[in-house]
Amino acid sequence: MSFPSVLKDLEEDFEREGRLTVFMLGATDVGKTFTAVRIANAFLQRSERVAVVDADIGQSDIGPPCCVGVGVLHREIRSLREVPPHSLFFVGSTSPNGCMRESILGTVAGVRKARELADVVIVDSTGWVFGNKAKMFKLLEIGAVEPSSVLAIEREEGELQHILSLLPEYTDARICILRASAEAKRKCKPLRRRLREEAFNRYFRNARNRRFDISLFERSGCLPVVEEGSLLGLFTASQEEEALGIGILRKIDEKRGSAVVLTPVEPRAVKRIKVGKVKLWRSKGRLREVFSVPFAPALPPRDYLR
Ligand SMILES: Nc1ncnc2c1ncn2[C@@H]1O[C@H](COP(=O)(O)OP(=O)(O)OP(=O)(O)O)[C@@H](O)[C@H]1O
Ligand SMILES: [Mg+2]
């Protein structure tokens, strides 16, 4: 299919149903985000209320990595990064591999929020599609989101067949297949890591060290493994799913029963803290991911958290 014919189908669906949820499916760098922006702009031009759920927790454009970000379009955009985050849902990892449950729960919560805010909802997702585990994840993710359309972008013809052939068992959504543009540029792994770290650094630019009572840390049966550098999700008690933002654990002060957390979030509102799987350390004034660095030292360097 061509992009104009995909758009025509989506517009017809929207006219019939009065609402739309489009799920972007495809491997890395095939143009999922680029196409999501085009669809969002097309519906905005028709004066529809448009929201984007950025469920790509690794290469996040709306909000920081490790969170599903929801944003509403107020004007035409050239990049998803121009959409201000309205709501964040903490997943705690930069990949759904190893935290599929949290990823799907976060995405579903994000979609629920987006549907409150807009009639056209576009869900941008991770490019984790190859292999059995990724296949199961995508099928469960799409089944849980309940989109009206799945827009599958393939670089090679048939590369998503392992998912698309089973999709009707998980969803009634219309399936549209687009060929990736020859202009879709690939990002190498180090560039992806750098973009992620830049996103973390942007988020923490105005962060400060704040003190929180240790009792706010969520416990699931036993004490969580909380280590210095751990990424944290900060929540109010009332908003069960939506996160106020994220933080980084700097140190635990056992004597005072408190934890020092680097975060831009105002501490008074925080009533609950979840521990993520990512660790960040500061080197030469910049935050870096501990485990994504090849041959990362077993112990962080001496300027860790300074
Ligand atoms: N149809 C297109 N025309 C021109 N440039 C494109 C097109 N599709 C993608 N690109 C460019 O290719 C690059 C990768 O596209 P994009 O980021 O949308 O892919 P993605 O599938 O969202 O990747 P990721 O897996 O990282 O989320 C971007 O620089 C984007 O601007
Ligand atoms: Mg993308």
# chains A, B, ... in the order shown; residues from 1 in each chain; ligands from 1
>>> residues_around(residues="range 20-29 of chain A", least_positions_apart="2", cutoff="6 Å", atoms="only C-alpha atoms", output="list in words")
Phe14, Gly31, Lys32, Val120, Val121, Ile122, Val123, Asp124, Gly127, Val129, Pro147, Ser148, Ser149, Val150, Leu151, Ala152, Ile153 and Arg186 of chain A
>>> write_last_selection(atoms="N, CA and C atoms", output="short mmCIF file (atom, residue, chain, number, x, y, z; two decimals), in the first residue's frame")
data_model
loop_
_atom_site.label_atom_id
_atom_site.label_comp_id
_atom_site.auth_asym_id
_atom_site.auth_seq_id
_atom_site.Cartn_x
_atom_site.Cartn_y
_atom_site.Cartn_z
N PHE A 14 -12.13 6.69 10.57
CA PHE A 14 -12.42 7.75 11.53
C PHE A 14 -13.82 8.33 11.29
N GLY A 31 10.92 3.63 9.95
CA GLY A 31 10.13 4.85 9.75
C GLY A 31 8.82 4.88 10.53
N LYS A 32 8.74 4.14 11.63
CA LYS A 32 7.51 4.12 12.43
C LYS A 32 7.20 5.52 12.97
N VAL A 120 -8.17 10.82 18.01
CA VAL A 120 -7.21 10.09 17.18
C VAL A 120 -5.99 9.79 18.05
N VAL A 121 -5.70 8.51 18.24
CA VAL A 121 -4.59 8.09 19.10
C VAL A 121 -3.61 7.28 18.24
N ILE A 122 -2.36 7.70 18.26
CA ILE A 122 -1.34 6.97 17.49
C ILE A 122 -0.35 6.39 18.49
N VAL A 123 -0.13 5.08 18.39
CA VAL A 123 0.76 4.40 19.33
C VAL A 123 2.05 4.05 18.59
N ASP A 124 3.14 4.71 18.99
CA ASP A 124 4.45 4.40 18.40
C ASP A 124 5.09 3.35 19.32
N GLY A 127 10.95 -1.29 18.20
CA GLY A 127 11.24 -2.06 16.98
C GLY A 127 11.63 -3.50 17.29
N VAL A 129 10.86 -6.85 17.11
CA VAL A 129 9.87 -7.67 16.40
C VAL A 129 10.40 -9.05 15.97
N PRO A 147 -6.17 -1.70 19.08
CA PRO A 147 -6.20 -0.61 18.10
C PRO A 147 -7.28 -0.84 17.06
N SER A 148 -7.65 0.23 16.35
CA SER A 148 -8.58 0.03 15.23
C SER A 148 -7.79 -0.34 13.98
N SER A 149 -6.53 0.11 13.91
CA SER A 149 -5.66 -0.26 12.78
C SER A 149 -4.26 -0.56 13.26
N VAL A 150 -3.64 -1.53 12.60
CA VAL A 150 -2.21 -1.78 12.82
C VAL A 150 -1.52 -1.39 11.52
N LEU A 151 -0.59 -0.46 11.61
CA LEU A 151 0.16 -0.05 10.42
C LEU A 151 1.53 -0.72 10.50
N ALA A 152 1.70 -1.75 9.67
CA ALA A 152 2.94 -2.53 9.69
C ALA A 152 3.87 -2.00 8.60
N ILE A 153 5.08 -1.63 8.99
CA ILE A 153 6.05 -1.13 8.01
C ILE A 153 7.16 -2.16 7.85
N ARG A 186 19.23 4.06 8.99
CA ARG A 186 19.48 3.20 10.16
C ARG A 186 20.33 3.91 11.19
#
>>> residues_around(residues="Ile104 in chain A", least_positions_apart="6", cutoff="12 Å", atoms="only C-alpha atoms", output="ChimeraX atom specification")
/A:55-57,67-68,89-91,95-98,110-111,125-126,136-146
>>> residues_around(residues="Val83 in chain A", least_positions_apart="6", cutoff="12 Å", atoms="only C-alpha atoms", output="JSON, numbers by chain")
{"A": [37, 40, 41, 50, 51, 52, 53, 54, 60, 61, 62, 63, 69, 70, 71, 72, 73, 74, 75, 76, 77]}
>>> write_last_selection(atoms="all heavy atoms", output="compact mmCIF listing (two decimals), in the first residue's frame")
# COMPACT_ATOMS: atom_id res chain seq x y z
N VAL A 37 4.22 10.67 12.78
CA VAL A 37 4.17 12.14 12.71
C VAL A 37 3.31 12.58 11.52
O VAL A 37 2.48 13.48 11.63
CB VAL A 37 5.60 12.73 12.64
CG1 VAL A 37 5.59 14.19 12.24
CG2 VAL A 37 6.32 12.55 13.96
N ALA A 40 -0.30 11.95 12.37
CA ALA A 40 -0.74 12.91 13.39
C ALA A 40 -1.01 14.27 12.74
O ALA A 40 -2.06 14.88 12.97
CB ALA A 40 0.32 13.02 14.49
N ASN A 41 -0.10 14.74 11.90
CA ASN A 41 -0.27 16.04 11.24
C ASN A 41 -1.49 16.03 10.32
O ASN A 41 -2.23 17.02 10.26
CB ASN A 41 0.98 16.40 10.44
CG ASN A 41 2.11 16.89 11.33
OD1 ASN A 41 1.87 17.40 12.42
ND2 ASN A 41 3.33 16.73 10.88
N VAL A 50 -5.71 15.08 18.45
CA VAL A 50 -4.74 14.00 18.20
C VAL A 50 -3.79 13.83 19.39
O VAL A 50 -3.23 14.81 19.89
CB VAL A 50 -3.89 14.31 16.94
CG1 VAL A 50 -2.91 13.19 16.65
CG2 VAL A 50 -4.78 14.57 15.72
N ALA A 51 -3.62 12.59 19.83
CA ALA A 51 -2.64 12.29 20.89
C ALA A 51 -1.72 11.19 20.40
O ALA A 51 -2.11 10.34 19.59
CB ALA A 51 -3.34 11.85 22.17
N VAL A 52 -0.48 11.22 20.88
CA VAL A 52 0.47 10.16 20.54
C VAL A 52 0.90 9.47 21.83
O VAL A 52 1.19 10.13 22.84
CB VAL A 52 1.71 10.74 19.80
CG1 VAL A 52 2.71 9.63 19.50
CG2 VAL A 52 1.28 11.42 18.50
N VAL A 53 0.91 8.14 21.79
CA VAL A 53 1.43 7.35 22.90
C VAL A 53 2.80 6.86 22.45
O VAL A 53 2.91 6.08 21.51
CB VAL A 53 0.51 6.15 23.22
CG1 VAL A 53 1.10 5.31 24.35
CG2 VAL A 53 -0.89 6.64 23.57
N ASP A 54 3.83 7.34 23.11
CA ASP A 54 5.19 6.94 22.75
C ASP A 54 5.57 5.76 23.63
O ASP A 54 6.03 5.92 24.75
CB ASP A 54 6.15 8.12 22.95
CG ASP A 54 7.57 7.78 22.53
OD1 ASP A 54 7.79 6.66 22.04
OD2 ASP A 54 8.46 8.63 22.71
N SER A 60 12.87 7.05 23.29
CA SER A 60 11.70 7.87 23.62
C SER A 60 11.80 9.25 22.99
O SER A 60 12.86 9.87 23.00
CB SER A 60 11.59 8.06 25.13
OG SER A 60 11.52 6.82 25.77
N ASP A 61 10.68 9.72 22.46
CA ASP A 61 10.60 11.10 21.97
C ASP A 61 9.75 11.94 22.91
O ASP A 61 10.00 13.12 23.08
CB ASP A 61 9.99 11.12 20.57
CG ASP A 61 10.94 10.54 19.53
OD1 ASP A 61 12.00 11.13 19.34
OD2 ASP A 61 10.62 9.50 18.95
N ILE A 62 8.70 11.35 23.48
CA ILE A 62 7.83 12.07 24.41
C ILE A 62 8.18 11.60 25.82
O ILE A 62 7.95 10.45 26.17
CB ILE A 62 6.34 11.80 24.10
CG1 ILE A 62 6.02 12.16 22.64
CG2 ILE A 62 5.44 12.58 25.06
CD1 ILE A 62 4.59 11.87 22.22
N GLY A 63 8.78 12.51 26.59
CA GLY A 63 9.21 12.13 27.94
C GLY A 63 10.52 11.36 27.91
O GLY A 63 11.05 11.05 26.84
N GLY A 69 5.31 7.68 27.21
CA GLY A 69 4.91 9.09 27.27
C GLY A 69 3.68 9.34 26.42
O GLY A 69 3.56 8.80 25.33
N VAL A 70 2.78 10.16 26.94
CA VAL A 70 1.58 10.53 26.19
C VAL A 70 1.60 12.04 25.98
O VAL A 70 1.83 12.80 26.91
CB VAL A 70 0.29 10.15 26.97
CG1 VAL A 70 -0.96 10.58 26.20
CG2 VAL A 70 0.26 8.65 27.23
N GLY A 71 1.38 12.45 24.73
CA GLY A 71 1.35 13.89 24.44
C GLY A 71 0.22 14.22 23.48
O GLY A 71 -0.19 13.37 22.68
N VAL A 72 -0.26 15.45 23.56
CA VAL A 72 -1.33 15.92 22.68
C VAL A 72 -0.74 16.94 21.72
O VAL A 72 0.04 17.80 22.13
CB VAL A 72 -2.46 16.57 23.52
CG1 VAL A 72 -3.56 17.13 22.62
CG2 VAL A 72 -3.03 15.55 24.49
N LEU A 73 -1.12 16.85 20.46
CA LEU A 73 -0.62 17.82 19.47
C LEU A 73 -1.43 19.11 19.55
O LEU A 73 -2.67 19.07 19.55
CB LEU A 73 -0.76 17.25 18.05
CG LEU A 73 0.50 16.60 17.48
CD1 LEU A 73 0.66 15.22 18.09
CD2 LEU A 73 0.41 16.51 15.97
N HIS A 74 -0.72 20.24 19.62
CA HIS A 74 -1.41 21.53 19.61
C HIS A 74 -1.11 22.28 18.32
O HIS A 74 -1.72 23.31 18.04
CB HIS A 74 -0.98 22.37 20.82
CG HIS A 74 -1.40 21.72 22.11
ND1 HIS A 74 -2.72 21.58 22.46
CD2 HIS A 74 -0.68 21.15 23.11
CE1 HIS A 74 -2.79 20.95 23.62
NE2 HIS A 74 -1.58 20.67 24.03
N ARG A 75 -0.14 21.79 17.58
CA ARG A 75 0.21 22.39 16.29
C ARG A 75 0.90 21.30 15.47
O ARG A 75 1.22 20.24 16.01
CB ARG A 75 1.15 23.59 16.48
CG ARG A 75 2.40 23.24 17.26
CD ARG A 75 3.38 24.38 17.34
NE ARG A 75 4.49 24.04 18.20
CZ ARG A 75 5.54 23.30 17.88
NH1 ARG A 75 5.63 22.77 16.68
NH2 ARG A 75 6.51 23.06 18.75
N GLU A 76 1.09 21.60 14.18
CA GLU A 76 1.79 20.63 13.35
C GLU A 76 3.22 20.44 13.84
O GLU A 76 3.84 21.41 14.32
CB GLU A 76 1.83 21.12 11.90
CG GLU A 76 0.73 20.51 11.07
CD GLU A 76 0.87 20.85 9.61
OE1 GLU A 76 1.87 20.44 9.00
OE2 GLU A 76 -0.03 21.55 9.10
N ILE A 77 3.74 19.26 13.70
CA ILE A 77 5.09 18.98 14.21
C ILE A 77 5.96 18.41 13.09
O ILE A 77 5.45 17.82 12.14
CB ILE A 77 5.05 17.98 15.40
CG1 ILE A 77 4.22 16.72 15.02
CG2 ILE A 77 4.50 18.65 16.64
CD1 ILE A 77 4.39 15.57 15.98
>>> residues_around(residues="Arg196 in chain A", least_positions_apart="2", cutoff="8 Å", atoms="only C-alpha atoms", output="list in words")
Gly58, Gln59, Ser60, Pro65, Arg192, Arg193, Arg194, Glu198, Ala199 and Phe200 of chain A
>>> select_by_dssp(residues="range 142-291 of chain A", states="alpha helix (DSSP H)", output="number ranges by chain")
A: 142-145, 161-164, 189-203
>>> write_last_selection(atoms="N, CA, C and O atoms", output="PDB file, in the first residue's frame")
ATOM      1  N   ILE A 142      -0.324  -5.652  21.141  1.00  0.00           N
ATOM      2  CA  ILE A 142      -1.380  -5.181  20.237  1.00  0.00           C
ATOM      3  C   ILE A 142      -2.752  -5.643  20.741  1.00  0.00           C
ATOM      4  O   ILE A 142      -3.714  -4.879  20.751  1.00  0.00           O
ATOM      5  N   GLY A 143      -2.815  -6.895  21.217  1.00  0.00           N
ATOM      6  CA  GLY A 143      -4.083  -7.402  21.765  1.00  0.00           C
ATOM      7  C   GLY A 143      -4.560  -6.545  22.924  1.00  0.00           C
ATOM      8  O   GLY A 143      -5.750  -6.235  23.043  1.00  0.00           O
ATOM      9  N   ALA A 144      -3.639  -6.116  23.769  1.00  0.00           N
ATOM     10  CA  ALA A 144      -4.010  -5.335  24.950  1.00  0.00           C
ATOM     11  C   ALA A 144      -4.393  -3.902  24.584  1.00  0.00           C
ATOM     12  O   ALA A 144      -5.282  -3.312  25.194  1.00  0.00           O
ATOM     13  N   VAL A 145      -3.747  -3.341  23.565  1.00  0.00           N
ATOM     14  CA  VAL A 145      -4.029  -1.955  23.161  1.00  0.00           C
ATOM     15  C   VAL A 145      -5.397  -1.848  22.458  1.00  0.00           C
ATOM     16  O   VAL A 145      -6.078  -0.835  22.561  1.00  0.00           O
ATOM     17  N   GLN A 161       5.583 -11.166   8.651  1.00  0.00           N
ATOM     18  CA  GLN A 161       4.558 -12.200   8.483  1.00  0.00           C
ATOM     19  C   GLN A 161       4.368 -13.051   9.730  1.00  0.00           C
ATOM     20  O   GLN A 161       3.254 -13.478  10.045  1.00  0.00           O
ATOM     21  N   HIS A 162       5.467 -13.325  10.456  1.00  0.00           N
ATOM     22  CA  HIS A 162       5.360 -14.184  11.650  1.00  0.00           C
ATOM     23  C   HIS A 162       4.414 -13.551  12.682  1.00  0.00           C
ATOM     24  O   HIS A 162       3.780 -14.254  13.455  1.00  0.00           O
ATOM     25  N   ILE A 163       4.314 -12.221  12.677  1.00  0.00           N
ATOM     26  CA  ILE A 163       3.384 -11.537  13.592  1.00  0.00           C
ATOM     27  C   ILE A 163       2.024 -11.346  12.903  1.00  0.00           C
ATOM     28  O   ILE A 163       0.981 -11.666  13.478  1.00  0.00           O
ATOM     29  N   LEU A 164       2.060 -10.847  11.678  1.00  0.00           N
ATOM     30  CA  LEU A 164       0.806 -10.505  10.987  1.00  0.00           C
ATOM     31  C   LEU A 164      -0.091 -11.727  10.784  1.00  0.00           C
ATOM     32  O   LEU A 164      -1.310 -11.617  10.866  1.00  0.00           O
ATOM     33  N   LYS A 189      23.935   0.895  17.008  1.00  0.00           N
ATOM     34  CA  LYS A 189      23.700   0.740  18.452  1.00  0.00           C
ATOM     35  C   LYS A 189      24.316   1.860  19.291  1.00  0.00           C
ATOM     36  O   LYS A 189      23.660   2.390  20.188  1.00  0.00           O
ATOM     37  N   PRO A 190      25.596   2.231  19.019  1.00  0.00           N
ATOM     38  CA  PRO A 190      26.176   3.315  19.839  1.00  0.00           C
ATOM     39  C   PRO A 190      25.394   4.624  19.687  1.00  0.00           C
ATOM     40  O   PRO A 190      25.237   5.361  20.656  1.00  0.00           O
ATOM     41  N   LEU A 191      24.876   4.880  18.487  1.00  0.00           N
ATOM     42  CA  LEU A 191      24.097   6.112  18.296  1.00  0.00           C
ATOM     43  C   LEU A 191      22.796   6.033  19.095  1.00  0.00           C
ATOM     44  O   LEU A 191      22.382   7.005  19.734  1.00  0.00           O
ATOM     45  N   ARG A 192      22.170   4.861  19.080  1.00  0.00           N
ATOM     46  CA  ARG A 192      20.941   4.686  19.863  1.00  0.00           C
ATOM     47  C   ARG A 192      21.216   4.950  21.342  1.00  0.00           C
ATOM     48  O   ARG A 192      20.439   5.599  22.022  1.00  0.00           O
ATOM     49  N   ARG A 193      22.359   4.420  21.825  1.00  0.00           N
ATOM     50  CA  ARG A 193      22.694   4.627  23.246  1.00  0.00           C
ATOM     51  C   ARG A 193      22.925   6.116  23.508  1.00  0.00           C
ATOM     52  O   ARG A 193      22.465   6.656  24.511  1.00  0.00           O
ATOM     53  N   ARG A 194      23.615   6.764  22.571  1.00  0.00           N
ATOM     54  CA  ARG A 194      23.895   8.190  22.769  1.00  0.00           C
ATOM     55  C   ARG A 194      22.601   9.013  22.787  1.00  0.00           C
ATOM     56  O   ARG A 194      22.422   9.885  23.618  1.00  0.00           O
ATOM     57  N   LEU A 195      21.683   8.683  21.875  1.00  0.00           N
ATOM     58  CA  LEU A 195      20.408   9.412  21.829  1.00  0.00           C
ATOM     59  C   LEU A 195      19.633   9.215  23.132  1.00  0.00           C
ATOM     60  O   LEU A 195      19.027  10.135  23.667  1.00  0.00           O
ATOM     61  N   ARG A 196      19.714   7.968  23.648  1.00  0.00           N
ATOM     62  CA  ARG A 196      19.018   7.663  24.911  1.00  0.00           C
ATOM     63  C   ARG A 196      19.628   8.469  26.049  1.00  0.00           C
ATOM     64  O   ARG A 196      18.933   9.068  26.859  1.00  0.00           O
ATOM     65  N   GLU A 197      20.967   8.492  26.080  1.00  0.00           N
ATOM     66  CA  GLU A 197      21.636   9.232  27.152  1.00  0.00           C
ATOM     67  C   GLU A 197      21.350  10.727  27.044  1.00  0.00           C
ATOM     68  O   GLU A 197      21.168  11.405  28.054  1.00  0.00           O
ATOM     69  N   GLU A 198      21.281  11.220  25.812  1.00  0.00           N
ATOM     70  CA  GLU A 198      20.932  12.641  25.631  1.00  0.00           C
ATOM     71  C   GLU A 198      19.534  12.916  26.167  1.00  0.00           C
ATOM     72  O   GLU A 198      19.289  13.949  26.782  1.00  0.00           O
ATOM     73  N   ALA A 199      18.636  11.969  25.918  1.00  0.00           N
ATOM     74  CA  ALA A 199      17.252  12.141  26.401  1.00  0.00           C
ATOM     75  C   ALA A 199      17.230  12.165  27.935  1.00  0.00           C
ATOM     76  O   ALA A 199      16.542  12.981  28.543  1.00  0.00           O
ATOM     77  N   PHE A 200      18.012  11.270  28.564  1.00  0.00           N
ATOM     78  CA  PHE A 200      18.099  11.285  30.043  1.00  0.00           C
ATOM     79  C   PHE A 200      18.670  12.628  30.513  1.00  0.00           C
ATOM     80  O   PHE A 200      18.171  13.232  31.450  1.00  0.00           O
ATOM     81  N   ASN A 201      19.730  13.070  29.854  1.00  0.00           N
ATOM     82  CA  ASN A 201      20.375  14.321  30.274  1.00  0.00           C
ATOM     83  C   ASN A 201      19.439  15.523  30.120  1.00  0.00           C
ATOM     84  O   ASN A 201      19.441  16.418  30.958  1.00  0.00           O
ATOM     85  N   ARG A 202      18.642  15.525  29.048  1.00  0.00           N
ATOM     86  CA  ARG A 202      17.654  16.614  28.879  1.00  0.00           C
ATOM     87  C   ARG A 202      16.654  16.585  30.033  1.00  0.00           C
ATOM     88  O   ARG A 202      16.346  17.611  30.621  1.00  0.00           O
ATOM     89  N   TYR A 203      16.194  15.383  30.366  1.00  0.00           N
ATOM     90  CA  TYR A 203      15.183  15.274  31.420  1.00  0.00           C
ATOM     91  C   TYR A 203      15.732  15.736  32.770  1.00  0.00           C
ATOM     92  O   TYR A 203      15.055  16.418  33.536  1.00  0.00           O
TER      93      TYR A 203
END
>>> closest_residue(among="A:Glu82, A:Asp13, A:Glu48, A:Glu228", to="Lys251 in chain A", atoms="only C-alpha atoms")
A:Glu228
>>> select_by_dssp(residues="range 140-266 of chain A", states="strand (DSSP E or B)", output="short mmCIF file (atom, residue, chain, number, x, y, z; two decimals) with N, CA and C atoms, in the first residue's frame")
data_model
loop_
_atom_site.label_atom_id
_atom_site.label_comp_id
_atom_site.auth_asym_id
_atom_site.auth_seq_id
_atom_site.Cartn_x
_atom_site.Cartn_y
_atom_site.Cartn_z
N SER A 149 -6.53 0.11 13.91
CA SER A 149 -5.66 -0.26 12.78
C SER A 149 -4.26 -0.56 13.26
N VAL A 150 -3.64 -1.53 12.60
CA VAL A 150 -2.21 -1.78 12.82
C VAL A 150 -1.52 -1.39 11.52
N LEU A 151 -0.59 -0.46 11.61
CA LEU A 151 0.16 -0.05 10.42
C LEU A 151 1.53 -0.72 10.50
N ALA A 152 1.70 -1.75 9.67
CA ALA A 152 2.94 -2.53 9.69
C ALA A 152 3.87 -2.00 8.60
N ILE A 153 5.08 -1.63 8.99
CA ILE A 153 6.05 -1.13 8.01
C ILE A 153 7.16 -2.16 7.85
N GLU A 154 7.31 -2.64 6.63
CA GLU A 154 8.31 -3.68 6.37
C GLU A 154 9.44 -3.13 5.51
N ARG A 174 -7.87 -3.43 11.60
CA ARG A 174 -7.52 -3.44 10.18
C ARG A 174 -5.99 -3.48 10.09
N ILE A 175 -5.46 -4.29 9.20
CA ILE A 175 -4.01 -4.37 9.06
C ILE A 175 -3.59 -3.73 7.74
N CYS A 176 -2.74 -2.70 7.81
CA CYS A 176 -2.23 -2.06 6.60
C CYS A 176 -0.73 -2.32 6.55
N ILE A 177 -0.24 -2.66 5.38
CA ILE A 177 1.20 -2.91 5.25
C ILE A 177 1.82 -1.87 4.33
N LEU A 178 2.85 -1.23 4.83
CA LEU A 178 3.58 -0.20 4.06
C LEU A 178 5.00 -0.68 3.85
N ARG A 179 5.59 -0.36 2.72
CA ARG A 179 7.01 -0.66 2.52
C ARG A 179 7.81 0.51 3.08
N ARG A 208 17.37 18.26 40.92
CA ARG A 208 18.13 18.57 42.14
C ARG A 208 18.12 17.36 43.05
N ASN A 209 19.06 17.33 43.98
CA ASN A 209 19.05 16.26 44.97
C ASN A 209 17.97 16.54 46.00
N ARG A 210 17.08 15.57 46.18
CA ARG A 210 15.98 15.76 47.13
C ARG A 210 15.93 14.55 48.05
N ARG A 211 15.44 14.78 49.23
CA ARG A 211 15.43 13.71 50.24
C ARG A 211 14.02 13.12 50.36
N PHE A 212 13.94 11.80 50.36
CA PHE A 212 12.65 11.10 50.49
C PHE A 212 12.74 10.09 51.62
N ASP A 213 11.60 9.87 52.29
CA ASP A 213 11.56 8.86 53.34
C ASP A 213 11.68 7.48 52.70
N PHE A 217 9.55 3.64 49.32
CA PHE A 217 9.96 2.65 48.31
C PHE A 217 8.99 1.47 48.33
N SER A 220 7.79 -5.45 47.15
CA SER A 220 6.94 -6.54 46.66
C SER A 220 7.40 -7.81 47.37
N CYS A 222 9.57 -8.59 49.47
CA CYS A 222 10.82 -8.39 50.18
C CYS A 222 11.35 -7.00 49.82
N SER A 230 20.30 3.60 40.72
CA SER A 230 19.06 2.99 40.21
C SER A 230 18.08 4.05 39.73
N LEU A 231 17.46 3.77 38.61
CA LEU A 231 16.42 4.66 38.10
C LEU A 231 15.14 4.41 38.90
N LEU A 232 14.45 5.48 39.26
CA LEU A 232 13.26 5.36 40.09
C LEU A 232 12.06 6.00 39.40
N GLY A 233 10.89 5.42 39.62
CA GLY A 233 9.64 6.04 39.18
C GLY A 233 8.98 6.66 40.40
N LEU A 234 8.53 7.90 40.28
CA LEU A 234 7.96 8.61 41.42
C LEU A 234 6.46 8.81 41.19
N PHE A 235 5.67 8.43 42.18
CA PHE A 235 4.21 8.43 42.02
C PHE A 235 3.53 9.11 43.20
N GLU A 242 -0.15 6.65 36.74
CA GLU A 242 0.60 7.74 36.14
C GLU A 242 1.75 8.16 37.05
N ALA A 243 2.92 8.29 36.46
CA ALA A 243 4.08 8.70 37.27
C ALA A 243 4.21 10.22 37.25
N LEU A 244 4.70 10.76 38.36
CA LEU A 244 5.00 12.19 38.40
C LEU A 244 6.26 12.47 37.60
N GLY A 245 7.13 11.49 37.56
CA GLY A 245 8.40 11.64 36.84
C GLY A 245 9.36 10.57 37.31
N ILE A 246 10.63 10.75 36.96
CA ILE A 246 11.63 9.76 37.36
C ILE A 246 12.74 10.43 38.16
N GLY A 247 13.53 9.59 38.81
CA GLY A 247 14.66 10.08 39.59
C GLY A 247 15.80 9.07 39.55
N ILE A 248 16.92 9.46 40.12
CA ILE A 248 18.06 8.54 40.22
C ILE A 248 18.48 8.51 41.68
N LEU A 249 18.62 7.30 42.23
CA LEU A 249 19.03 7.18 43.62
C LEU A 249 20.49 7.58 43.78
N ARG A 250 20.75 8.57 44.63
CA ARG A 250 22.13 8.99 44.87
C ARG A 250 22.70 8.26 46.06
N LYS A 251 21.98 8.25 47.17
CA LYS A 251 22.45 7.46 48.31
C LYS A 251 21.33 7.18 49.30
N ILE A 252 21.54 6.13 50.07
CA ILE A 252 20.59 5.80 51.13
C ILE A 252 21.23 6.18 52.45
N ASP A 253 20.52 6.98 53.22
CA ASP A 253 21.02 7.41 54.52
C ASP A 253 20.26 6.60 55.57
N SER A 258 16.32 7.82 55.21
CA SER A 258 15.91 8.55 54.01
C SER A 258 16.83 8.23 52.83
N ALA A 259 16.36 8.61 51.66
CA ALA A 259 17.14 8.40 50.44
C ALA A 259 17.30 9.73 49.73
N VAL A 260 18.49 9.95 49.17
CA VAL A 260 18.71 11.17 48.39
C VAL A 260 18.52 10.80 46.92
N VAL A 261 17.63 11.53 46.26
CA VAL A 261 17.26 11.20 44.89
C VAL A 261 17.43 12.44 44.01
N LEU A 262 18.11 12.26 42.89
CA LEU A 262 18.24 13.35 41.91
C LEU A 262 16.98 13.34 41.05
N THR A 263 16.22 14.41 41.09
CA THR A 263 14.96 14.44 40.32
C THR A 263 14.48 15.88 40.12
#
>>> closest_residue(among="A:Pro64, A:Gly18, A:Lys284, A:Glu11", to="Gly92 in chain A", atoms="only C-alpha atoms")
A:Pro64
>>> atom_distance(atom1="CA of Lys185 in chain A", atom2="atom 29 (O, counted along the ligand's line) of ligand 1")
5.4 Å
